[in-house]
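Engineer: Please read through the structure below; I'll follow up with questions.
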Number of protein chains: 2
Amino acid sequence: MCPAPTSTKHRRPAKSTASEAAEGGPAVILVEPQLGENIGMVARAMLNCALVDMRIVAPRDGWPNDAAYKTASGADVVLDNARVYETTADAIADLGHVFATTARARDMSKDVLTPRGAAQEMHEQRGQGVQCGVLFGKEAVGLHNDDIALADSILMVPLNPGFTSLNLAQAVLLMGYEWFQAADDRPHETYEVRLDTRRATKEELVGLFNHLEHELTDCGFLGVEAKKPGMIRNLRNMFQRARMTEQEVRTMRGVIAGLVKKRKN
Amino acid sequence: MCPAPTSTKHRRPAKSTASEAAEGGPAVILVEPQLGENIGMVARAMLNCALVDMRIVAPRDGWPNDAAYKTASGADVVLDNARVYETTADAIADLGHVFATTARARDMSKDVLTPRGAAQEMHEQRGQGVQCGVLFGKEAVGLHNDDIALADSILMVPLNPGFTSLNLAQAVLLMGYEWFQAADDRPHETYEVRLDTRRATKEELVGLFNHLEHELTDCGFLGVEAKKPGMIRNLRNMFQRARMTEQEVRTMRGVIAGLVKKRKN
C-alpha cells in the first residue's frame, strides 16, 4: 500500500467511475491551521479521496505557504486552488450543510455522526443538490464553540477512547475515505488471477486429480482400500481450496511427473 | 477531531467496551521501514485503533529509534513493546492468517480485500482463535513479491485511482480504523443533548406553540383566518425539526415575551 507512483500493471483498470462518483465531494475547511506541513498533508489526504475543494480560514503563517507544498507529495492541484477567508462564516457562506469535527463532546445539543454516518448524509444531501462542507479546527485545540454553532451537526471519529489524538491530515483522511467508500461500488473481496493465465476448468482439475491418484495408487500410497476414498476426498478438497489457475495445474502435473521420475530411476 | 489531549467532559462515557472488543487485533508488521518518524506515526495510528502488537523487520536505522518516539505523540507503549526480526518469515511465524498491503496489483493469483473486507475477515478469524497480522512494506517501494507470497491475501485500499500515494501511517490508520469500526457497535448517528437539560416534552412544546400563536393572533400576524391554520402548521413543523430542549423552550418563551413587551411599551 506504500506509495506506488507509477503502476503500469493495474489488473483492475484504473476505474474512473469511482473517482467520478466521488465528484462533488465536501469542501474541507481548515480553521486557523498553524503548520504549513499539516496543510500540505491534508491536501495529500484530500486528493487520495478525490476531494479538491480546500478552504483555509485565517492561516497563522499566511498563504501561499512553501512548507505546505513540501508535504503535499504532488497534490499541488489542491493547494493551488485553495481559497483563503477571514472568518468561518465567510468560508461556508455558499454551503448548504456543514459538519464540525471534534474529538470530544462539547456539551451542545446537536446531532453527532461518525465519518460513515456523515458520508451517507453527504451523499444524500448531494443527491438533493446541497453542497456540503466539513470544518476542521486548529492543531491540538480544535474548533471554537462558535464555529460549531454554525454547523448542522458534529462529526466525531469513534476510536480508542483511551487515545483519540489524531493529527489534522488523519482526521481529514478518515472523513474523505468514508466519502470515497460510499461512492465506490467495487466489491470488498475479489479473487484476482495472473494476467498470463486463467482459472483452471474443472476438466483440467479432474485431469490433475486422476494423474495424482493414479501415481499414488501405483506407488502404494493409496494401498489401503478402506482408506482410499477418504484420502482422495481430502486431497481433492485441498486442491479445490487452492483455486488453481490453468498454469498451476500444469506446474503441479510437472511436479508429480518429476517426483515419479526420481522414484522410478 | 483535532487532538484533545484531555477530555473531561465526555458526554459518551469513555466506553471501554469498544476498545475491549478491539482487543486481539492484528499484528502490524513493518518490513524494512526506513524513517524512525514513520515508525512513530504508525505507533500513534495503531494506538488510535487500540492496536498494540508492532513488529519490525530489519529497520534501516536500527532499534530502538529516538526519532520514532518523537512522532508517536504519546503512543510510547506501542514502541516499547515492539519486537524486531531479521526476516518477514520470522516475524509472522506465530500467526495463522496474514494480509499483505499493496498499492498496486502485483500480477499474482491471490484474494484481494479492501480494509473493510479484511477487517471482517480478521474478526471471523479471531472468532476461530486465529491470530492475524498485516504486512506493510518499505516507504515508496512497498513489499517484496517474496513477502507477498508468504501472505494469505492482499489488502488494497480503494482510493482515487489517479492519486493513491499513501504514507505508511495513513495506510496503517485505514486498516486499523476499519478493524476498530467492525468491533464498535456504537451507532453512526446520535442526537446528543446538553448535560444541564433534556429533550422538551410535547406538553412543553405545545405550551410554547400556544404562547406563540396567542401572541401572533393578538398582534394581528395571524389575522387572515383562511391562512391561519397553514401558517400555524408551518411554524409548528419548524420548531419540531429543531428538536428543542426544555431549556430552549423556556428561552424561546422568554424571547416571545421580550418581543411582545417591546411592542406593548
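Naming scheme: A, B, ... for chains in displayed order of the C-alpha cells; residues 1 onward per chain; ligands 1 onward as shown.
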Which chain A residues have any atom within 6 Å of an atom of chain B, and for each, what is the nearest pair of atoms with distance in Å to one decimal, counting only C-alpha atoms, rows sorted by chain and number, as JSON lines?

Structural biologist:
```
{"residue": "A:Met1", "atom": "CA", "partner": "B:Thr102", "partner_atom": "CA", "distance": 3.6}
{"residue": "A:Cys2", "atom": "CA", "partner": "B:Gly142", "partner_atom": "CA", "distance": 5.0}
{"residue": "A:Pro3", "atom": "CA", "partner": "B:Ser165", "partner_atom": "CA", "distance": 4.4}
{"residue": "A:His10", "atom": "CA", "partner": "B:Ala105", "partner_atom": "CA", "distance": 5.4}
{"residue": "A:Arg11", "atom": "CA", "partner": "B:Ala105", "partner_atom": "CA", "distance": 5.7}
{"residue": "A:Ala14", "atom": "CA", "partner": "B:Pro161", "partner_atom": "CA", "distance": 5.5}
{"residue": "A:Ser19", "atom": "CA", "partner": "B:Asn160", "partner_atom": "CA", "distance": 5.6}
{"residue": "A:Asn48", "atom": "CA", "partner": "B:Asn160", "partner_atom": "CA", "distance": 5.3}
{"residue": "A:Cys49", "atom": "CA", "partner": "B:Asn160", "partner_atom": "CA", "distance": 5.4}
{"residue": "A:Ala50", "atom": "CA", "partner": "B:Asn160", "partner_atom": "CA", "distance": 5.4}
{"residue": "A:Thr101", "atom": "CA", "partner": "B:Met1", "partner_atom": "CA", "distance": 4.9}
{"residue": "A:Thr102", "atom": "CA", "partner": "B:Met1", "partner_atom": "CA", "distance": 3.7}
{"residue": "A:Ala103", "atom": "CA", "partner": "B:Met1", "partner_atom": "CA", "distance": 3.7}
{"residue": "A:Ala105", "atom": "CA", "partner": "B:His10", "partner_atom": "CA", "distance": 5.4}
{"residue": "A:Asp107", "atom": "CA", "partner": "B:Arg194", "partner_atom": "CA", "distance": 4.8}
{"residue": "A:Met108", "atom": "CA", "partner": "B:Arg194", "partner_atom": "CA", "distance": 5.0}
{"residue": "A:Ser109", "atom": "CA", "partner": "B:Val193", "partner_atom": "CA", "distance": 4.0}
{"residue": "A:Lys110", "atom": "CA", "partner": "B:Glu192", "partner_atom": "CA", "distance": 5.5}
{"residue": "A:Asp111", "atom": "CA", "partner": "B:Tyr191", "partner_atom": "CA", "distance": 4.3}
{"residue": "A:Val112", "atom": "CA", "partner": "B:Thr190", "partner_atom": "CA", "distance": 5.2}
{"residue": "A:Leu113", "atom": "CA", "partner": "B:Glu189", "partner_atom": "CA", "distance": 4.4}
{"residue": "A:Thr114", "atom": "CA", "partner": "B:His188", "partner_atom": "CA", "distance": 5.0}
{"residue": "A:Gly117", "atom": "CA", "partner": "B:His188", "partner_atom": "CA", "distance": 4.8}
{"residue": "A:Glu139", "atom": "CA", "partner": "B:Cys2", "partner_atom": "CA", "distance": 5.8}
{"residue": "A:Ala140", "atom": "CA", "partner": "B:Pro3", "partner_atom": "CA", "distance": 4.5}
{"residue": "A:Gly142", "atom": "CA", "partner": "B:Cys2", "partner_atom": "CA", "distance": 5.0}
{"residue": "A:Leu159", "atom": "CA", "partner": "B:Cys49", "partner_atom": "CA", "distance": 5.7}
{"residue": "A:Asn160", "atom": "CA", "partner": "B:Asn48", "partner_atom": "CA", "distance": 5.3}
{"residue": "A:Pro161", "atom": "CA", "partner": "B:Ala14", "partner_atom": "CA", "distance": 5.4}
{"residue": "A:Phe163", "atom": "CA", "partner": "B:Asn48", "partner_atom": "CA", "distance": 5.4}
{"residue": "A:Thr164", "atom": "CA", "partner": "B:Asn48", "partner_atom": "CA", "distance": 5.6}
{"residue": "A:Ser165", "atom": "CA", "partner": "B:Pro3", "partner_atom": "CA", "distance": 4.4}
{"residue": "A:Leu166", "atom": "CA", "partner": "B:Pro3", "partner_atom": "CA", "distance": 5.5}
{"residue": "A:Leu168", "atom": "CA", "partner": "B:Cys2", "partner_atom": "CA", "distance": 5.8}
{"residue": "A:His188", "atom": "CA", "partner": "B:Gly117", "partner_atom": "CA", "distance": 4.8}
{"residue": "A:Glu189", "atom": "CA", "partner": "B:Leu113", "partner_atom": "CA", "distance": 4.4}
{"residue": "A:Thr190", "atom": "CA", "partner": "B:Val112", "partner_atom": "CA", "distance": 5.2}
{"residue": "A:Tyr191", "atom": "CA", "partner": "B:Asp111", "partner_atom": "CA", "distance": 4.3}
{"residue": "A:Glu192", "atom": "CA", "partner": "B:Ser109", "partner_atom": "CA", "distance": 5.4}
{"residue": "A:Val193", "atom": "CA", "partner": "B:Ser109", "partner_atom": "CA", "distance": 4.0}
{"residue": "A:Arg194", "atom": "CA", "partner": "B:Asp107", "partner_atom": "CA", "distance": 4.8}
```

Engineer: Could you name the residues that touch Leu150 in chain A at 10 Å or less, counting only C-alpha atoms, but leaving out those on the same chain fewer than 2 positions away, as an MDAnalysis selection string?

Structural biologist: chainID A and resid 88:89 92 97:100 135 145:148 152:153

Engineer: Please, what distance in Å, to one decimal, runs between CA of Thr71 in chain A and CA of Val42 in chain B?

Structural biologist: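 CA of Val42 in chain B lies 17.2 Å from CA of Thr71 in chain A.
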
Engineer: From a DSSP pass on the backbone, collect the residues of range 65-230 of chain A flagged as strand (DSSP E or B) and hand them back as a list in words.

Structural biologist: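 Restricting range 65-230 of chain A to strand (DSSP E or B) produces Arg83, Val84, Tyr85, His97, Val98, Phe99, Ala100, Thr101, Lys110, Asp111, Val112, Leu113, Cys132, Gly133, Val134, Leu135, Phe136, Lys138, Gly142, Ser153, Ile154, Leu155, Glu189, Thr190, Tyr191, Glu192 and Arg199 of chain A.
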
Engineer: Just N, CA, C and O atoms for this one: save the residues we selected as an mmCIF file, in the first residue's frame.

Structural biologist:
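The file below, again30.cif, is the result:
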```cif
data_model
loop_
_atom_site.group_PDB
_atom_site.id
_atom_site.type_symbol
_atom_site.label_atom_id
_atom_site.label_comp_id
_atom_site.auth_asym_id
_atom_site.auth_seq_id
_atom_site.Cartn_x
_atom_site.Cartn_y
_atom_site.Cartn_z
ATOM 1 N N ARG A 83 -8.760 28.294 -1.295
ATOM 2 C CA ARG A 83 -9.231 29.671 -1.123
ATOM 3 C C ARG A 83 -9.085 30.069 0.348
ATOM 4 O O ARG A 83 -9.298 29.243 1.243
ATOM 5 N N VAL A 84 -8.708 31.308 0.579
ATOM 6 C CA VAL A 84 -8.460 31.778 1.943
ATOM 7 C C VAL A 84 -9.548 32.766 2.358
ATOM 8 O O VAL A 84 -9.967 33.608 1.566
ATOM 9 N N TYR A 85 -10.013 32.635 3.591
ATOM 10 C CA TYR A 85 -11.078 33.504 4.115
ATOM 11 C C TYR A 85 -10.657 34.083 5.466
ATOM 12 O O TYR A 85 -9.803 33.521 6.148
ATOM 13 N N HIS A 97 -24.909 22.584 3.901
ATOM 14 C CA HIS A 97 -24.899 21.668 5.048
ATOM 15 C C HIS A 97 -23.467 21.527 5.532
ATOM 16 O O HIS A 97 -22.583 21.178 4.748
ATOM 17 N N VAL A 98 -23.240 21.786 6.803
ATOM 18 C CA VAL A 98 -21.872 21.821 7.323
ATOM 19 C C VAL A 98 -21.721 20.918 8.551
ATOM 20 O O VAL A 98 -22.574 20.909 9.444
ATOM 21 N N PHE A 99 -20.631 20.155 8.546
ATOM 22 C CA PHE A 99 -20.273 19.300 9.680
ATOM 23 C C PHE A 99 -19.090 19.924 10.412
ATOM 24 O O PHE A 99 -18.200 20.488 9.774
ATOM 25 N N ALA A 100 -19.063 19.793 11.730
ATOM 26 C CA ALA A 100 -17.948 20.294 12.529
ATOM 27 C C ALA A 100 -17.276 19.116 13.212
ATOM 28 O O ALA A 100 -17.927 18.372 13.946
ATOM 29 N N THR A 101 -15.987 18.911 12.936
ATOM 30 C CA THR A 101 -15.303 17.770 13.544
ATOM 31 C C THR A 101 -14.801 18.135 14.939
ATOM 32 O O THR A 101 -14.222 19.196 15.140
ATOM 33 N N LYS A 110 -26.914 18.661 19.725
ATOM 34 C CA LYS A 110 -26.556 18.598 18.314
ATOM 35 C C LYS A 110 -26.516 17.142 17.852
ATOM 36 O O LYS A 110 -26.212 16.256 18.631
ATOM 37 N N ASP A 111 -26.769 16.929 16.569
ATOM 38 C CA ASP A 111 -26.554 15.600 16.004
ATOM 39 C C ASP A 111 -25.066 15.294 15.998
ATOM 40 O O ASP A 111 -24.258 16.169 15.671
ATOM 41 N N VAL A 112 -24.716 14.064 16.330
ATOM 42 C CA VAL A 112 -23.315 13.632 16.288
ATOM 43 C C VAL A 112 -23.225 12.434 15.350
ATOM 44 O O VAL A 112 -23.921 11.435 15.552
ATOM 45 N N LEU A 113 -22.393 12.537 14.321
ATOM 46 C CA LEU A 113 -22.268 11.453 13.341
ATOM 47 C C LEU A 113 -20.846 10.919 13.306
ATOM 48 O O LEU A 113 -19.882 11.650 13.549
ATOM 49 N N CYS A 132 -22.000 20.323 0.549
ATOM 50 C CA CYS A 132 -21.605 20.128 1.950
ATOM 51 C C CYS A 132 -20.182 20.601 2.202
ATOM 52 O O CYS A 132 -19.385 20.768 1.283
ATOM 53 N N GLY A 133 -19.862 20.784 3.480
ATOM 54 C CA GLY A 133 -18.511 21.121 3.887
ATOM 55 C C GLY A 133 -18.227 20.555 5.268
ATOM 56 O O GLY A 133 -19.158 20.264 6.028
ATOM 57 N N VAL A 134 -16.944 20.374 5.567
ATOM 58 C CA VAL A 134 -16.551 19.851 6.876
ATOM 59 C C VAL A 134 -15.512 20.777 7.485
ATOM 60 O O VAL A 134 -14.484 21.063 6.861
ATOM 61 N N LEU A 135 -15.779 21.247 8.695
ATOM 62 C CA LEU A 135 -14.862 22.133 9.413
ATOM 63 C C LEU A 135 -13.869 21.322 10.239
ATOM 64 O O LEU A 135 -14.266 20.391 10.947
ATOM 65 N N PHE A 136 -12.582 21.696 10.140
ATOM 66 C CA PHE A 136 -11.540 21.083 10.968
ATOM 67 C C PHE A 136 -10.820 22.201 11.722
ATOM 68 O O PHE A 136 -10.412 23.193 11.111
ATOM 69 N N LYS A 138 -8.037 24.022 14.627
ATOM 70 C CA LYS A 138 -6.601 24.227 14.800
ATOM 71 C C LYS A 138 -5.948 23.016 15.487
ATOM 72 O O LYS A 138 -6.562 22.380 16.362
ATOM 73 N N GLY A 142 -8.552 22.347 18.237
ATOM 74 C CA GLY A 142 -9.852 22.046 17.655
ATOM 75 C C GLY A 142 -10.636 23.313 17.345
ATOM 76 O O GLY A 142 -10.094 24.416 17.340
ATOM 77 N N SER A 153 -24.209 19.702 12.151
ATOM 78 C CA SER A 153 -24.008 18.576 13.054
ATOM 79 C C SER A 153 -22.527 18.359 13.317
ATOM 80 O O SER A 153 -21.671 18.969 12.672
ATOM 81 N N ILE A 154 -22.267 17.510 14.284
ATOM 82 C CA ILE A 154 -20.903 17.233 14.717
ATOM 83 C C ILE A 154 -20.447 15.917 14.107
ATOM 84 O O ILE A 154 -21.220 14.964 14.018
ATOM 85 N N LEU A 155 -19.190 15.887 13.664
ATOM 86 C CA LEU A 155 -18.590 14.665 13.149
ATOM 87 C C LEU A 155 -17.523 14.232 14.161
ATOM 88 O O LEU A 155 -16.610 15.003 14.466
ATOM 89 N N GLU A 189 -14.143 -7.851 -1.602
ATOM 90 C CA GLU A 189 -13.269 -9.006 -1.751
ATOM 91 C C GLU A 189 -13.343 -9.498 -3.188
ATOM 92 O O GLU A 189 -14.425 -9.681 -3.738
ATOM 93 N N THR A 190 -12.190 -9.672 -3.803
ATOM 94 C CA THR A 190 -12.149 -10.233 -5.145
ATOM 95 C C THR A 190 -11.035 -11.266 -5.181
ATOM 96 O O THR A 190 -10.141 -11.270 -4.332
ATOM 97 N N TYR A 191 -11.116 -12.149 -6.161
ATOM 98 C CA TYR A 191 -10.039 -13.115 -6.360
ATOM 99 C C TYR A 191 -9.409 -12.764 -7.687
ATOM 100 O O TYR A 191 -10.057 -12.821 -8.725
ATOM 101 N N GLU A 192 -8.157 -12.324 -7.641
ATOM 102 C CA GLU A 192 -7.505 -11.873 -8.862
ATOM 103 C C GLU A 192 -6.518 -12.926 -9.354
ATOM 104 O O GLU A 192 -5.771 -13.505 -8.564
ATOM 105 N N ARG A 199 -8.323 -19.017 -14.481
ATOM 106 C CA ARG A 199 -8.747 -20.042 -13.544
ATOM 107 C C ARG A 199 -8.847 -21.380 -14.292
ATOM 108 O O ARG A 199 -9.322 -21.427 -15.433
#
```

Engineer: Using only C-alpha atoms, which of the listed residues (B:Val260, B:Ala58, B:Val31, B:Val255) sits closest to Glu215 in chain B?

Structural biologist: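 Of the candidates, the smallest distance to Glu215 in chain B is held by B:Val260.
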
Engineer: When you draw a straight line from CA of Gly96 in chain B to CA of Trp63 in chain B, how long is it in Å?

Structural biologist: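 Taking CA of Gly96 in chain B and CA of Trp63 in chain B, their separation equals 26.2 Å.
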
Engineer: One number please: CA of Leu35 in chain B to CA of Asn65 in chain B, in Å, one decimal.

Structural biologist: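 It comes out at 9.2 Å.
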
Engineer: Quick one: DSSP alpha helix (DSSP H) residues in range 74-257 of chain B, as number ranges by chain?

Structural biologist: B: 76-80, 88-91, 115-127, 145-148, 168-183, 202-218, 228-241, 246-257

Engineer: Find, counting only C-alpha atoms, the residue in B:Met122, B:Cys219, B:Leu205, B:Ile256 that gets nearest to Gln240 in chain B.

Structural biologist: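 Among the listed residues, B:Leu205 lies closest to Gln240 in chain B.
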